[in-house]
>>> print(open('entry-v8.pdb').read())   # PDB, C-alpha atoms and all ligand atoms
ATOM      1  CA  MET A1335     -67.760  -5.488 -43.081
ATOM      2  CA  GLY A1336     -70.016  -7.668 -40.992
ATOM      3  CA  GLN A1337     -71.686  -6.599 -37.838
ATOM      4  CA  GLY A1338     -69.600  -6.904 -34.702
ATOM      5  CA  THR A1339     -66.212  -6.573 -36.380
ATOM      6  CA  GLY A1340     -63.666  -3.922 -35.498
ATOM      7  CA  ALA A1341     -61.204  -3.682 -32.643
ATOM      8  CA  ALA A1342     -63.806  -2.195 -30.313
ATOM      9  CA  ALA A1343     -65.792  -5.441 -30.456
ATOM     10  CA  VAL A1344     -62.826  -7.685 -29.574
ATOM     11  CA  GLY A1345     -63.233  -9.099 -26.097
ATOM     12  CA  VAL A1346     -60.190 -10.670 -24.396
ATOM     13  CA  ARG A1347     -61.019 -12.849 -21.414
ATOM     14  CA  PRO A1348     -57.991 -14.463 -19.787
ATOM     15  CA  VAL A1349     -58.456 -18.124 -18.968
ATOM     16  CA  ALA A1350     -55.442 -18.685 -16.709
ATOM     17  CA  ALA A1351     -53.071 -16.360 -14.873
ATOM     18  CA  ARG A1352     -50.197 -16.430 -17.322
ATOM     19  CA  ILE A1353     -51.425 -17.927 -20.567
ATOM     20  CA  GLY A1354     -54.561 -18.297 -22.647
ATOM     21  CA  ALA A1355     -57.400 -15.934 -23.455
ATOM     22  CA  GLU A1356     -60.815 -16.534 -24.901
ATOM     23  CA  ILE A1357     -61.706 -14.044 -27.608
ATOM     24  CA  THR A1358     -65.259 -12.828 -28.088
ATOM     25  CA  GLY A1359     -66.836 -10.420 -30.558
ATOM     26  CA  VAL A1360     -64.975 -11.741 -33.609
ATOM     27  CA  ASP A1361     -66.523 -13.825 -36.373
ATOM     28  CA  LEU A1362     -63.549 -15.521 -38.001
ATOM     29  CA  ALA A1363     -65.528 -16.175 -41.172
ATOM     30  CA  GLN A1364     -65.701 -12.421 -41.805
ATOM     31  CA  GLU A1365     -62.578 -10.726 -43.112
ATOM     32  CA  PRO A1366     -61.239  -8.921 -40.009
ATOM     33  CA  ASP A1367     -60.348  -5.236 -40.456
ATOM     34  CA  ALA A1368     -56.857  -3.907 -39.714
ATOM     35  CA  ALA A1369     -57.795  -2.749 -36.232
ATOM     36  CA  THR A1370     -59.182  -6.165 -35.333
ATOM     37  CA  VAL A1371     -56.058  -7.871 -36.663
ATOM     38  CA  ALA A1372     -53.912  -5.504 -34.577
ATOM     39  CA  ALA A1373     -55.985  -6.194 -31.460
ATOM     40  CA  LEU A1374     -55.701  -9.949 -31.973
ATOM     41  CA  ARG A1375     -51.953  -9.717 -32.601
ATOM     42  CA  ALA A1376     -51.537  -7.815 -29.351
ATOM     43  CA  ALA A1377     -53.657 -10.373 -27.495
ATOM     44  CA  LEU A1378     -51.630 -13.229 -28.997
ATOM     45  CA  LEU A1379     -48.344 -11.650 -27.921
ATOM     46  CA  ARG A1380     -49.695 -11.089 -24.420
ATOM     47  CA  TRP A1381     -51.608 -14.348 -23.856
ATOM     48  CA  LYS A1382     -49.709 -16.723 -26.231
ATOM     49  CA  VAL A1383     -52.789 -18.767 -27.152
ATOM     50  CA  LEU A1384     -56.211 -17.436 -28.153
ATOM     51  CA  PHE A1385     -59.411 -19.460 -28.101
ATOM     52  CA  PHE A1386     -62.345 -18.745 -30.406
ATOM     53  CA  ARG A1387     -65.503 -20.673 -29.567
ATOM     54  CA  GLY A1388     -68.162 -21.918 -31.964
ATOM     55  CA  GLN A1389     -66.736 -20.626 -35.240
ATOM     56  CA  HIS A1390     -67.480 -23.487 -37.688
ATOM     57  CA  LEU A1391     -65.128 -22.306 -40.431
ATOM     58  CA  ASP A1392     -64.608 -24.086 -43.711
ATOM     59  CA  HIS A1393     -61.114 -24.607 -45.153
ATOM     60  CA  ALA A1394     -61.175 -21.423 -47.240
ATOM     61  CA  ALA A1395     -62.248 -19.233 -44.311
ATOM     62  CA  HIS A1396     -59.687 -20.885 -42.025
ATOM     63  CA  LEU A1397     -56.924 -20.095 -44.522
ATOM     64  CA  ALA A1398     -58.179 -16.573 -45.240
ATOM     65  CA  PHE A1399     -58.144 -15.728 -41.538
ATOM     66  CA  ALA A1400     -54.668 -17.250 -41.081
ATOM     67  CA  ARG A1401     -53.312 -15.201 -43.990
ATOM     68  CA  ARG A1402     -54.092 -11.984 -42.128
ATOM     69  CA  PHE A1403     -51.366 -12.956 -39.653
ATOM     70  CA  GLY A1404     -48.677 -14.503 -41.823
ATOM     71  CA  GLU A1405     -47.853 -16.851 -44.643
ATOM     72  CA  PRO A1406     -49.337 -20.361 -44.358
ATOM     73  CA  VAL A1407     -46.838 -23.109 -45.137
ATOM     74  CA  ALA A1408     -47.628 -25.994 -47.484
ATOM     75  CA  VAL A1409     -46.368 -29.170 -45.834
ATOM     76  CA  ARG A1410     -45.366 -31.880 -48.285
ATOM     77  CA  ALA A1411     -45.912 -34.852 -45.990
ATOM     78  CA  ARG A1412     -49.495 -34.596 -44.800
ATOM     79  CA  GLY A1413     -51.848 -37.273 -43.549
ATOM     80  CA  SER A1414     -54.143 -38.926 -46.050
ATOM     81  CA  TYR A1415     -57.190 -37.106 -44.677
ATOM     82  CA  SER A1416     -55.793 -33.681 -45.617
ATOM     83  CA  PRO A1417     -57.725 -31.796 -48.306
ATOM     84  CA  GLY A1418     -56.044 -32.056 -51.701
ATOM     85  CA  GLU A1419     -57.230 -28.644 -52.837
ATOM     86  CA  HIS A1420     -55.650 -26.822 -49.875
ATOM     87  CA  PRO A1421     -51.986 -27.827 -49.454
ATOM     88  CA  GLU A1422     -51.683 -25.468 -46.464
ATOM     89  CA  ILE A1423     -54.216 -27.448 -44.414
ATOM     90  CA  GLU A1424     -53.266 -30.615 -42.547
ATOM     91  CA  THR A1425     -56.154 -32.714 -41.332
ATOM     92  CA  THR A1426     -55.902 -35.284 -38.583
ATOM     93  CA  ALA A1427     -58.841 -37.637 -38.616
ATOM     94  CA  ASP A1428     -57.198 -40.360 -36.601
ATOM     95  CA  ARG A1429     -54.099 -39.704 -34.560
ATOM     96  CA  LEU A1430     -53.305 -43.380 -34.830
ATOM     97  CA  GLU A1431     -53.126 -43.259 -38.596
ATOM     98  CA  LEU A1432     -49.389 -42.633 -38.461
ATOM     99  CA  GLY A1433     -48.770 -45.899 -36.639
ATOM    100  CA  GLY A1434     -50.763 -47.843 -39.224
ATOM    101  CA  ARG A1435     -48.655 -46.313 -41.945
ATOM    102  CA  TYR A1436     -45.576 -47.871 -40.351
ATOM    103  CA  GLY A1437     -47.045 -51.279 -39.677
ATOM    104  CA  MET A1438     -48.040 -50.866 -36.033
ATOM    105  CA  ASP A1439     -51.455 -51.691 -34.688
ATOM    106  CA  ARG A1440     -53.359 -49.343 -32.417
ATOM    107  CA  ASP A1441     -52.091 -50.775 -29.142
ATOM    108  CA  GLU A1442     -48.450 -50.840 -30.162
ATOM    109  CA  TRP A1443     -48.550 -47.320 -31.515
ATOM    110  CA  LEU A1444     -50.242 -46.001 -28.377
ATOM    111  CA  GLU A1445     -47.701 -47.764 -26.225
ATOM    112  CA  ARG A1446     -44.746 -46.436 -28.201
ATOM    113  CA  ARG A1447     -46.172 -42.946 -28.279
ATOM    114  CA  ARG A1448     -46.522 -43.044 -24.538
ATOM    115  CA  HIS A1449     -43.086 -44.310 -23.748
ATOM    116  CA  THR A1450     -40.745 -43.270 -26.486
ATOM    117  CA  LEU A1451     -41.205 -41.008 -29.435
ATOM    118  CA  LEU A1452     -43.966 -38.646 -28.401
ATOM    119  CA  ARG A1453     -43.028 -37.747 -24.900
ATOM    120  CA  GLY A1454     -45.601 -35.097 -25.333
ATOM    121  CA  TRP A1455     -44.799 -31.437 -24.944
ATOM    122  CA  HIS A1456     -43.484 -29.829 -28.095
ATOM    123  CA  CYS A1457     -43.657 -26.852 -30.385
ATOM    124  CA  ASP A1458     -44.727 -27.646 -33.937
ATOM    125  CA  HIS A1459     -41.815 -28.631 -36.224
ATOM    126  CA  GLY A1460     -39.274 -27.506 -33.628
ATOM    127  CA  ALA A1461     -36.342 -29.393 -35.172
ATOM    128  CA  ARG A1462     -36.517 -27.219 -38.281
ATOM    129  CA  ILE A1463     -34.160 -24.290 -38.636
ATOM    130  CA  ASP A1464     -37.232 -22.032 -38.920
ATOM    131  CA  PRO A1465     -40.073 -23.475 -36.836
ATOM    132  CA  PRO A1466     -43.522 -22.037 -37.613
ATOM    133  CA  ALA A1467     -44.333 -18.712 -35.959
ATOM    134  CA  ALA A1468     -47.902 -19.694 -35.150
ATOM    135  CA  THR A1469     -50.460 -22.451 -35.522
ATOM    136  CA  LEU A1470     -54.212 -22.173 -36.030
ATOM    137  CA  LEU A1471     -55.977 -25.419 -35.128
ATOM    138  CA  ARG A1472     -59.690 -25.903 -35.671
ATOM    139  CA  ALA A1473     -61.872 -28.693 -34.359
ATOM    140  CA  GLU A1474     -64.422 -30.263 -36.640
ATOM    141  CA  SER A1475     -65.291 -33.148 -34.343
ATOM    142  CA  VAL A1476     -64.006 -34.071 -30.883
ATOM    143  CA  PRO A1477     -64.822 -36.828 -28.402
ATOM    144  CA  ALA A1478     -67.284 -35.868 -25.676
ATOM    145  CA  TYR A1479     -64.443 -35.804 -23.145
ATOM    146  CA  GLY A1480     -60.768 -36.585 -22.809
ATOM    147  CA  ALA A1481     -59.235 -34.813 -25.812
ATOM    148  CA  ASP A1482     -58.025 -31.584 -24.237
ATOM    149  CA  THR A1483     -54.920 -29.730 -25.367
ATOM    150  CA  CYS A1484     -52.537 -27.989 -22.939
ATOM    151  CA  TRP A1485     -50.120 -25.129 -23.629
ATOM    152  CA  ALA A1486     -47.246 -23.741 -21.550
ATOM    153  CA  ASN A1487     -45.883 -20.184 -21.596
ATOM    154  CA  LEU A1488     -42.104 -20.342 -22.193
ATOM    155  CA  ALA A1489     -41.607 -16.669 -21.321
ATOM    156  CA  ALA A1490     -43.205 -17.170 -17.903
ATOM    157  CA  ALA A1491     -41.176 -20.351 -17.409
ATOM    158  CA  TYR A1492     -37.950 -18.455 -18.128
ATOM    159  CA  GLU A1493     -38.987 -15.579 -15.893
ATOM    160  CA  GLY A1494     -39.693 -18.026 -13.097
ATOM    161  CA  LEU A1495     -36.112 -19.307 -12.962
ATOM    162  CA  SER A1496     -33.749 -17.823 -10.397
ATOM    163  CA  ALA A1497     -31.540 -15.015 -11.691
ATOM    164  CA  PRO A1498     -28.307 -17.059 -11.478
ATOM    165  CA  LEU A1499     -29.820 -19.920 -13.444
ATOM    166  CA  ARG A1500     -31.273 -17.530 -16.030
ATOM    167  CA  GLY A1501     -27.804 -16.107 -16.491
ATOM    168  CA  PHE A1502     -26.353 -19.585 -16.966
ATOM    169  CA  VAL A1503     -28.903 -20.867 -19.474
ATOM    170  CA  ASP A1504     -28.831 -17.588 -21.454
ATOM    171  CA  GLY A1505     -25.570 -18.632 -23.066
ATOM    172  CA  LEU A1506     -26.385 -22.247 -23.907
ATOM    173  CA  ARG A1507     -27.576 -24.021 -27.038
ATOM    174  CA  ALA A1508     -29.325 -27.331 -27.531
ATOM    175  CA  GLU A1509     -29.740 -29.751 -30.375
ATOM    176  CA  HIS A1510     -33.340 -30.332 -31.495
ATOM    177  CA  ARG A1511     -33.782 -33.503 -33.517
ATOM    178  CA  LEU A1512     -36.780 -35.337 -34.912
ATOM    179  CA  GLY A1513     -37.199 -38.747 -33.341
ATOM    180  CA  VAL A1514     -35.038 -38.422 -30.223
ATOM    181  CA  GLY A1515     -35.785 -41.103 -27.675
ATOM    182  CA  TYR A1516     -37.414 -43.416 -30.189
ATOM    183  CA  GLN A1517     -36.532 -47.015 -29.441
ATOM    184  CA  PRO A1518     -36.666 -49.224 -32.514
ATOM    185  CA  ARG A1519     -38.882 -52.278 -32.588
ATOM    186  CA  ALA A1520     -37.253 -55.652 -32.726
ATOM    187  CA  GLY A1521     -36.933 -56.704 -36.357
ATOM    188  CA  GLU A1522     -38.313 -54.634 -39.197
ATOM    189  CA  ASP A1523     -39.116 -51.063 -38.206
ATOM    190  CA  ALA A1524     -40.484 -48.987 -41.054
ATOM    191  CA  TYR A1525     -40.816 -45.959 -38.834
ATOM    192  CA  LEU A1526     -37.140 -46.025 -37.897
ATOM    193  CA  ARG A1527     -36.253 -46.199 -41.592
ATOM    194  CA  HIS A1528     -38.500 -43.225 -42.217
ATOM    195  CA  LEU A1529     -36.797 -41.269 -39.429
ATOM    196  CA  LEU A1530     -33.346 -42.046 -40.793
ATOM    197  CA  GLU A1531     -34.364 -41.031 -44.299
ATOM    198  CA  HIS A1532     -35.924 -37.770 -43.131
ATOM    199  CA  GLN A1533     -33.545 -36.621 -40.435
ATOM    200  CA  THR A1534     -34.134 -33.107 -39.271
ATOM    201  CA  ALA A1535     -31.985 -31.397 -36.664
ATOM    202  CA  SER A1536     -30.965 -27.880 -35.698
ATOM    203  CA  ARG A1537     -28.944 -26.214 -32.981
ATOM    204  CA  HIS A1538     -31.175 -23.691 -31.298
ATOM    205  CA  PRO A1539     -30.440 -21.263 -28.460
ATOM    206  CA  LEU A1540     -31.683 -22.600 -25.133
ATOM    207  CA  VAL A1541     -33.043 -19.126 -24.506
ATOM    208  CA  ARG A1542     -34.637 -17.610 -27.565
ATOM    209  CA  VAL A1543     -35.481 -13.913 -27.912
ATOM    210  CA  HIS A1544     -38.999 -13.385 -29.216
ATOM    211  CA  PRO A1545     -38.729 -11.433 -32.497
ATOM    212  CA  GLU A1546     -41.756  -9.235 -31.739
ATOM    213  CA  SER A1547     -41.979  -8.859 -27.973
ATOM    214  CA  GLY A1548     -38.278  -9.179 -27.124
ATOM    215  CA  GLU A1549     -39.213 -11.595 -24.336
ATOM    216  CA  ARG A1550     -36.759 -14.331 -23.450
ATOM    217  CA  LEU A1551     -38.198 -17.810 -23.960
ATOM    218  CA  LEU A1552     -37.046 -21.060 -22.407
ATOM    219  CA  PHE A1553     -36.750 -22.984 -25.667
ATOM    220  CA  VAL A1554     -36.963 -26.582 -24.456
ATOM    221  CA  ASN A1555     -39.305 -29.503 -24.948
ATOM    222  CA  GLY A1556     -39.130 -33.229 -24.375
ATOM    223  CA  TYR A1557     -40.016 -34.133 -27.923
ATOM    224  CA  TYR A1558     -37.053 -32.762 -29.856
ATOM    225  CA  VAL A1559     -34.372 -31.920 -27.306
ATOM    226  CA  GLU A1560     -32.008 -34.629 -26.187
ATOM    227  CA  ARG A1561     -28.979 -32.764 -24.965
ATOM    228  CA  ILE A1562     -27.616 -29.367 -24.177
ATOM    229  CA  LEU A1563     -24.470 -28.607 -26.103
ATOM    230  CA  ASP A1564     -21.055 -28.044 -24.524
ATOM    231  CA  LEU A1565     -22.089 -29.672 -21.236
ATOM    232  CA  THR A1566     -21.046 -33.140 -20.169
ATOM    233  CA  ARG A1567     -23.633 -35.875 -20.303
ATOM    234  CA  ALA A1568     -23.839 -35.809 -16.506
ATOM    235  CA  GLU A1569     -24.512 -32.074 -16.551
ATOM    236  CA  SER A1570     -26.842 -31.952 -19.538
ATOM    237  CA  GLY A1571     -29.252 -34.677 -18.412
ATOM    238  CA  PRO A1572     -30.245 -33.293 -14.999
ATOM    239  CA  LEU A1573     -30.285 -29.679 -16.231
ATOM    240  CA  LEU A1574     -32.554 -30.604 -19.119
ATOM    241  CA  GLU A1575     -34.888 -32.483 -16.784
ATOM    242  CA  LEU A1576     -34.998 -29.471 -14.494
ATOM    243  CA  LEU A1577     -35.773 -27.099 -17.349
ATOM    244  CA  LEU A1578     -38.439 -29.402 -18.819
ATOM    245  CA  ALA A1579     -40.135 -29.641 -15.437
ATOM    246  CA  GLN A1580     -39.932 -25.864 -15.082
ATOM    247  CA  ALA A1581     -41.437 -25.226 -18.528
ATOM    248  CA  VAL A1582     -44.604 -27.197 -17.810
ATOM    249  CA  ARG A1583     -45.269 -26.279 -14.188
ATOM    250  CA  PRO A1584     -49.059 -25.944 -13.882
ATOM    251  CA  GLU A1585     -48.916 -22.205 -13.171
ATOM    252  CA  TYR A1586     -47.417 -21.602 -16.621
ATOM    253  CA  THR A1587     -50.022 -23.685 -18.440
ATOM    254  CA  VAL A1588     -53.597 -23.574 -19.690
ATOM    255  CA  ARG A1589     -55.868 -26.455 -20.666
ATOM    256  CA  PHE A1590     -58.527 -26.192 -23.338
ATOM    257  CA  ARG A1591     -61.571 -28.377 -23.643
ATOM    258  CA  TRP A1592     -62.548 -28.472 -27.297
ATOM    259  CA  GLU A1593     -66.015 -28.292 -28.754
ATOM    260  CA  PRO A1594     -66.702 -28.742 -32.463
ATOM    261  CA  GLY A1595     -66.152 -25.454 -34.283
ATOM    262  CA  ASP A1596     -63.576 -24.091 -31.834
ATOM    263  CA  VAL A1597     -60.299 -22.576 -33.023
ATOM    264  CA  ALA A1598     -57.059 -22.253 -31.036
ATOM    265  CA  PHE A1599     -54.446 -19.804 -32.353
ATOM    266  CA  TRP A1600     -51.068 -20.031 -30.647
ATOM    267  CA  ASP A1601     -47.674 -18.423 -30.802
ATOM    268  CA  ASN A1602     -45.499 -21.434 -31.640
ATOM    269  CA  ARG A1603     -42.364 -19.514 -30.580
ATOM    270  CA  ALA A1604     -43.505 -18.623 -27.077
ATOM    271  CA  THR A1605     -45.282 -21.863 -26.171
ATOM    272  CA  ILE A1606     -45.105 -25.620 -26.174
ATOM    273  CA  HIS A1607     -48.201 -27.779 -26.191
ATOM    274  CA  LEU A1608     -49.370 -31.249 -25.291
ATOM    275  CA  ALA A1609     -51.813 -33.149 -27.455
ATOM    276  CA  PRO A1610     -53.990 -35.823 -25.836
ATOM    277  CA  SER A1611     -52.194 -39.161 -25.684
ATOM    278  CA  GLU A1612     -55.307 -41.264 -25.276
ATOM    279  CA  LEU A1613     -58.682 -40.783 -26.855
ATOM    280  CA  PRO A1614     -61.692 -42.445 -25.294
ATOM    281  CA  ALA A1615     -63.624 -44.702 -27.597
ATOM    282  CA  GLY A1616     -66.898 -43.211 -28.713
ATOM    283  CA  ASP A1617     -68.897 -42.210 -31.706
ATOM    284  CA  ARG A1618     -67.287 -38.788 -32.052
ATOM    285  CA  PRO A1619     -63.884 -39.015 -33.777
ATOM    286  CA  ARG A1620     -61.262 -36.328 -33.285
ATOM    287  CA  ILE A1621     -61.039 -34.457 -36.592
ATOM    288  CA  MET A1622     -58.769 -31.411 -36.488
ATOM    289  CA  HIS A1623     -57.546 -29.054 -39.207
ATOM    290  CA  ARG A1624     -54.219 -27.275 -38.828
ATOM    291  CA  VAL A1625     -52.684 -24.262 -40.549
ATOM    292  CA  MET A1626     -49.171 -23.125 -39.608
ATOM    293  CA  LEU A1627     -47.632 -19.750 -40.389
ATOM    294  CA  ALA A1628     -44.043 -19.500 -41.597
ATOM    295  CA  GLY A1629     -41.532 -18.566 -38.913
ATOM    296  CA  GLU A1630     -38.015 -17.199 -38.798
ATOM    297  CA  VAL A1631     -34.688 -18.636 -37.667
ATOM    298  CA  PRO A1632     -34.525 -18.272 -33.847
ATOM    299  CA  VAL A1633     -32.005 -15.892 -32.314
ATOM    300  CA  GLY A1634     -30.366 -16.246 -28.898
ATOM    301  CA  VAL A1635     -29.625 -13.709 -26.204
ATOM    302  CA  ASP A1636     -26.178 -13.268 -27.788
ATOM    303  CA  GLY A1637     -27.816 -12.255 -31.070
ATOM    304  CA  LYS A1638     -26.645 -15.396 -32.848
ATOM    305  CA  PRO A1639     -29.114 -17.402 -34.942
ATOM    306  CA  SER A1640     -29.762 -21.130 -34.801
ATOM    307  CA  GLU A1641     -27.607 -23.377 -36.976
ATOM    308  CA  PRO A1642     -28.806 -26.190 -39.207
ATOM    309  CA  VAL A1643     -27.443 -29.679 -38.540
ATOM    310  CA  THR A1644     -29.229 -31.795 -41.081
ATOM    311  CA  GLY A1645     -32.328 -31.852 -43.231
ATOM    312  CA  THR A1646     -33.228 -28.271 -42.509
ATOM    313  CA  GLU A1647     -33.374 -25.535 -45.049
ATOM    314  CA  ALA A1648     -35.205 -22.345 -44.203
ATOM    315  CA  GLY A1649     -38.434 -21.914 -46.102
ATOM    316  CA  ARG A1650     -38.449 -25.399 -47.698
ATOM    317  CA  TRP A1651     -41.261 -27.634 -46.559
TER     318      TRP A1651
HETATM  319 FE    FE B   1     -48.384 -30.008 -32.198
END
>>> encode(input="entry-v8.pdb", output="structure tokens", more="lines below")
Ligand SMILES: [Fe+2]
Amino acid sequence: MGQGTGAAAVGVRPVAARIGAEITGVDLAQEPDAATVAALRAALLRWKVLFFRGQHLDHAAHLAFARRFGEPVAVRARGSYSPGEHPEIETTADRLELGGRYGMDRDEWLERRRHTLLRGWHCDHGARIDPPAATLLRAESVPAYGADTCWANLAAAYEGLSAPLRGFVDGLRAEHRLGVGYQPRAGEDAYLRHLLEHQTASRHPLVRVHPESGERLLFVNGYYVERILDLTRAESGPLLELLLAQAVRPEYTVRFRWEPGDVAFWDNRATIHLAPSELPAGDRPRIMHRVMLAGEVPVGVDGKPSEPVTGTEAGRW
């Protein structure tokens, strides 16, 4: 065991009032002992996203650390920069690559990201029946400025609602679907065809009970959720807007300024996050490596699990 490992060495320094803590005293490249893993688990449950500065892991060390906390998933559709020898690692070397794959140039893709498909805040793979439990994202290279990531605490957002509204939303469900809000291009739209061929949708509780902490989580985001079930259109729209605004109020969020080598480890059940929508031009590309840990089917306050709609099968990636 390397020097400085062990739970006693783990420092937890909160970054914001309700979410985010910087961890010190842990070298992620060393196999953490059981006490360290337990301390980090507790910190993750409490602070929802943990930041580790200056780690400089390679793929194998990134995966080995992730495995101490769960089972990494191997995503079939990964970007072309992802390492072939590690199917559990997704690498993003250019966030605009996706647009190019579907015949859009940089400007069009940026514009469409901004106004339609990627309205921003999301949990990873939230339209699946079993969204990942956690994500570990590591920065290899980041622009000098302007590529921050933000996270919001969905337990704090729920807690911050008035008691009558909490009682009302407790019993509701919402449909989460990949590609909601996307407006097709005029003429040929390869991305729309892709969306139609890979539809993914689930009915999730609007208030999810965290499987470890028992906290109630306001399970909404603008990326996957289009409507609340059983309400009229006139009721669903304004309520959803209200809940989305609630979820990302600044007092429930934290913002992280990346440096190369940093790792962010978040609870993908208790948070939503916002990736940068614009990257300043410069000589430092944004190269990020992501590992996600398998999650379970969400359960509502009534004890009932989410239901698949289409394209979702637990455990199949
Ligand atoms: Fe994400």
>>> residues_near_ligand(input="entry-v8.pdb", ligand="ligand FE 1 (chain B)", cutoff="12 Å", atoms="only C-alpha atoms and all ligand atoms", output="ChimeraX atom specification")
/A:1424,1426,1429,1452-1460,1465-1466,1468-1471,1483-1485,1555,1557-1558,1598-1602,1605-1611,1622-1626
>>> write_last_selection(input="entry-v8.pdb", atoms="C-alpha atoms", output="PDB file, in the coordinates of the input")
ATOM      1  CA  GLU A1424     -53.266 -30.615 -42.547  1.00  0.00           C
ATOM      2  CA  THR A1426     -55.902 -35.284 -38.583  1.00  0.00           C
ATOM      3  CA  ARG A1429     -54.099 -39.704 -34.560  1.00  0.00           C
ATOM      4  CA  LEU A1452     -43.966 -38.646 -28.401  1.00  0.00           C
ATOM      5  CA  ARG A1453     -43.028 -37.747 -24.900  1.00  0.00           C
ATOM      6  CA  GLY A1454     -45.601 -35.097 -25.333  1.00  0.00           C
ATOM      7  CA  TRP A1455     -44.799 -31.437 -24.944  1.00  0.00           C
ATOM      8  CA  HIS A1456     -43.484 -29.829 -28.095  1.00  0.00           C
ATOM      9  CA  CYS A1457     -43.657 -26.852 -30.385  1.00  0.00           C
ATOM     10  CA  ASP A1458     -44.727 -27.646 -33.937  1.00  0.00           C
ATOM     11  CA  HIS A1459     -41.815 -28.631 -36.224  1.00  0.00           C
ATOM     12  CA  GLY A1460     -39.274 -27.506 -33.628  1.00  0.00           C
ATOM     13  CA  PRO A1465     -40.073 -23.475 -36.836  1.00  0.00           C
ATOM     14  CA  PRO A1466     -43.522 -22.037 -37.613  1.00  0.00           C
ATOM     15  CA  ALA A1468     -47.902 -19.694 -35.150  1.00  0.00           C
ATOM     16  CA  THR A1469     -50.460 -22.451 -35.522  1.00  0.00           C
ATOM     17  CA  LEU A1470     -54.212 -22.173 -36.030  1.00  0.00           C
ATOM     18  CA  LEU A1471     -55.977 -25.419 -35.128  1.00  0.00           C
ATOM     19  CA  THR A1483     -54.920 -29.730 -25.367  1.00  0.00           C
ATOM     20  CA  CYS A1484     -52.537 -27.989 -22.939  1.00  0.00           C
ATOM     21  CA  TRP A1485     -50.120 -25.129 -23.629  1.00  0.00           C
ATOM     22  CA  ASN A1555     -39.305 -29.503 -24.948  1.00  0.00           C
ATOM     23  CA  TYR A1557     -40.016 -34.133 -27.923  1.00  0.00           C
ATOM     24  CA  TYR A1558     -37.053 -32.762 -29.856  1.00  0.00           C
ATOM     25  CA  ALA A1598     -57.059 -22.253 -31.036  1.00  0.00           C
ATOM     26  CA  PHE A1599     -54.446 -19.804 -32.353  1.00  0.00           C
ATOM     27  CA  TRP A1600     -51.068 -20.031 -30.647  1.00  0.00           C
ATOM     28  CA  ASP A1601     -47.674 -18.423 -30.802  1.00  0.00           C
ATOM     29  CA  ASN A1602     -45.499 -21.434 -31.640  1.00  0.00           C
ATOM     30  CA  THR A1605     -45.282 -21.863 -26.171  1.00  0.00           C
ATOM     31  CA  ILE A1606     -45.105 -25.620 -26.174  1.00  0.00           C
ATOM     32  CA  HIS A1607     -48.201 -27.779 -26.191  1.00  0.00           C
ATOM     33  CA  LEU A1608     -49.370 -31.249 -25.291  1.00  0.00           C
ATOM     34  CA  ALA A1609     -51.813 -33.149 -27.455  1.00  0.00           C
ATOM     35  CA  PRO A1610     -53.990 -35.823 -25.836  1.00  0.00           C
ATOM     36  CA  SER A1611     -52.194 -39.161 -25.684  1.00  0.00           C
ATOM     37  CA  MET A1622     -58.769 -31.411 -36.488  1.00  0.00           C
ATOM     38  CA  HIS A1623     -57.546 -29.054 -39.207  1.00  0.00           C
ATOM     39  CA  ARG A1624     -54.219 -27.275 -38.828  1.00  0.00           C
ATOM     40  CA  VAL A1625     -52.684 -24.262 -40.549  1.00  0.00           C
ATOM     41  CA  MET A1626     -49.171 -23.125 -39.608  1.00  0.00           C
TER      42      MET A1626
END
>>> resolve_selection(input="entry-v8.pdb", expression="the PyMOL selection byres (((chain A and resi 1345) around 10) and not hetatm)", output="PyMOL selection string")
chain A and resi 1341-1344+1346-1348+1355-1360+1373-1374+1377
>>> resolve_selection(input="entry-v8.pdb", expression="the PyMOL selection byres (((chain A and resi 1571-1575) around 12) and not hetatm)", output="PyMOL selection string")
chain A and resi 1499+1502-1503+1506-1509+1540+1552-1556+1558-1563+1565-1570+1576-1582
>>> closest_residue(input="entry-v8.pdb", among="A:Ala1478, A:Leu1512, A:Ala1400, A:Ile1423", to="Leu1362 in chain A", atoms="only C-alpha atoms")
A:Ala1400
>>> resolve_selection(input="entry-v8.pdb", expression="the PyMOL selection byres (((chain A and resi 1492) around 8) and not hetatm)", output="count of residues only")
12
>>> closest_residue(input="entry-v8.pdb", among="A:His1393, A:Arg1603, A:Arg1402, A:Lys1382", to="Ala1368 in chain A", atoms="all atoms listed in the file")
A:Arg1402
>>> atom_distance(input="entry-v8.pdb", atom1="CA of Asp1617 in chain A", atom2="CA of Tyr1436 in chain A")
25.5 Å
>>> atom_distance(input="entry-v8.pdb", atom1="CA of Arg1589 in chain A", atom2="CA of Glu1612 in chain A")
15.5 Å
>>> closest_residue(input="entry-v8.pdb", among="A:Gly1433, A:Glu1593, A:Ser1536, A:Pro1642", to="Ser1475 in chain A", atoms="all atoms listed in the file")
A:Glu1593
>>> atom_distance(input="entry-v8.pdb", atom1="CA of Ala1350 in chain A", atom2="CA of Asp1482 in chain A")
15.2 Å
>>> closest_residue(input="entry-v8.pdb", among="A:Ala1408, A:Ala1535, A:Ile1353, A:Leu1391", to="Glu1647 in chain A", atoms="all atoms listed in the file")
A:Ala1535
